[in-house]
Amino acid sequence: MTKMELTKNFSLEEMLRSDTAKRCGITNKPKAEEETEVVENLKALCVEVLQPLRDFLGKPVVVSSGYRCRELNEKVGGVSNSQHLTGEAADIRVKDRHELIEIMRFIMDETVFDQLIREKSATGEWVHVSYKRNGNNRQQVFKLTR
């Protein structure tokens, strides 16, 4: 895969990057037969949700996890039907609770999305957002503690 811009502030490379994959020696790229669909899904997620969020905030939006291959998804404990597997989801790193709430409010009020989840674990909090290019975006909002 070559370097590709999905929007003015998001690249394909960024949406495939994973510290866990790097640390574990996992090549986090879609299979050839899935590549076109995954890239189109990632682009739609960026166009419809992430770029508007970036424009609103006026600063970078740090995606800690976008697309995940099956091996990486299993390694991080993702569910077997995770939208990360199809390039329809991203986890957004936040610096504090104020930023988390600001991001969630903007996404809820100003974008169309499938799921918006405030996730929390022993290591911190982040925002998970998904967008379906094909199908019904359910506008579901959850809080998940691991």
# chains A, B, ... in the order shown; residues from 1 in each chain; ligands from 1

$ select_by_dssp --residues "segment 15-140 of chain A" --states "alpha helix (DSSP H)" --output "ChimeraX atom specification"
/A:15-16,19-24,35-45,51-57,70-75,97-110

$ closest_atom_pairs --of "segment 1-52 of chain A" --to "segment 60-84 of chain A" --cutoff "6 Å" --atoms "only C-alpha atoms" --output "tab-separated table"
residue	atom	partner	partner_atom	distance
A:Met15	CA	A:Gly66	CA	4.8
A:Leu16	CA	A:Tyr67	CA	5.4
A:Asn28	CA	A:Cys69	CA	5.5

$ closest_residue --among "A:Glu34, A:Glu13, A:Asp114, A:Glu102" --to "Lys132 of chain A" --atoms "only C-alpha atoms"
A:Asp114

$ atom_distance --atom1 "atom CA of Glu125 of chain A" --atom2 "atom CA of Ala21 of chain A"
20.2 Å

$ atom_distance --atom1 "atom CA of Asp109 of chain A" --atom2 "atom CA of Lys8 of chain A"
22.5 Å

$ select_by_dssp --residues "segment 38-104 of chain A" --states "strand (DSSP E or B)" --output "PyMOL selection string"
chain A and resi 63-65+89-93

$ atom_distance --atom1 "atom CA of Glu110 of chain A" --atom2 "atom CA of Leu57 of chain A"
12.6 Å

$ closest_residue --among "A:Leu116, A:Leu85, A:Val47, A:Val94" --to "Arg138 of chain A" --atoms "only C-alpha atoms"
A:Leu116

$ residues_around --residues "Val39 of chain A" --least-positions-apart "4" --cutoff "8 Å" --atoms "only C-alpha atoms" --output "list in words"
Leu12, Glu35, Lys43 and Gly87 of chain A

$ closest_residue --among "A:Ala90, A:Cys24, A:Leu6, A:Leu144" --to "Ala44 of chain A" --atoms "only C-alpha atoms"
A:Leu6

$ closest_residue --among "A:His98, A:Thr145, A:Leu50, A:Lys59" --to "Val112 of chain A" --atoms "only C-alpha atoms"
A:Leu50

$ closest_residue --among "A:Trp126, A:Ser18, A:Arg146, A:Cys46" --to "Phe113 of chain A" --atoms "only C-alpha atoms"
A:Cys46

$ closest_residue --among "A:Val49, A:Asn136, A:Tyr131, A:Lys29" --to "Arg17 of chain A" --atoms "only C-alpha atoms"
A:Lys29
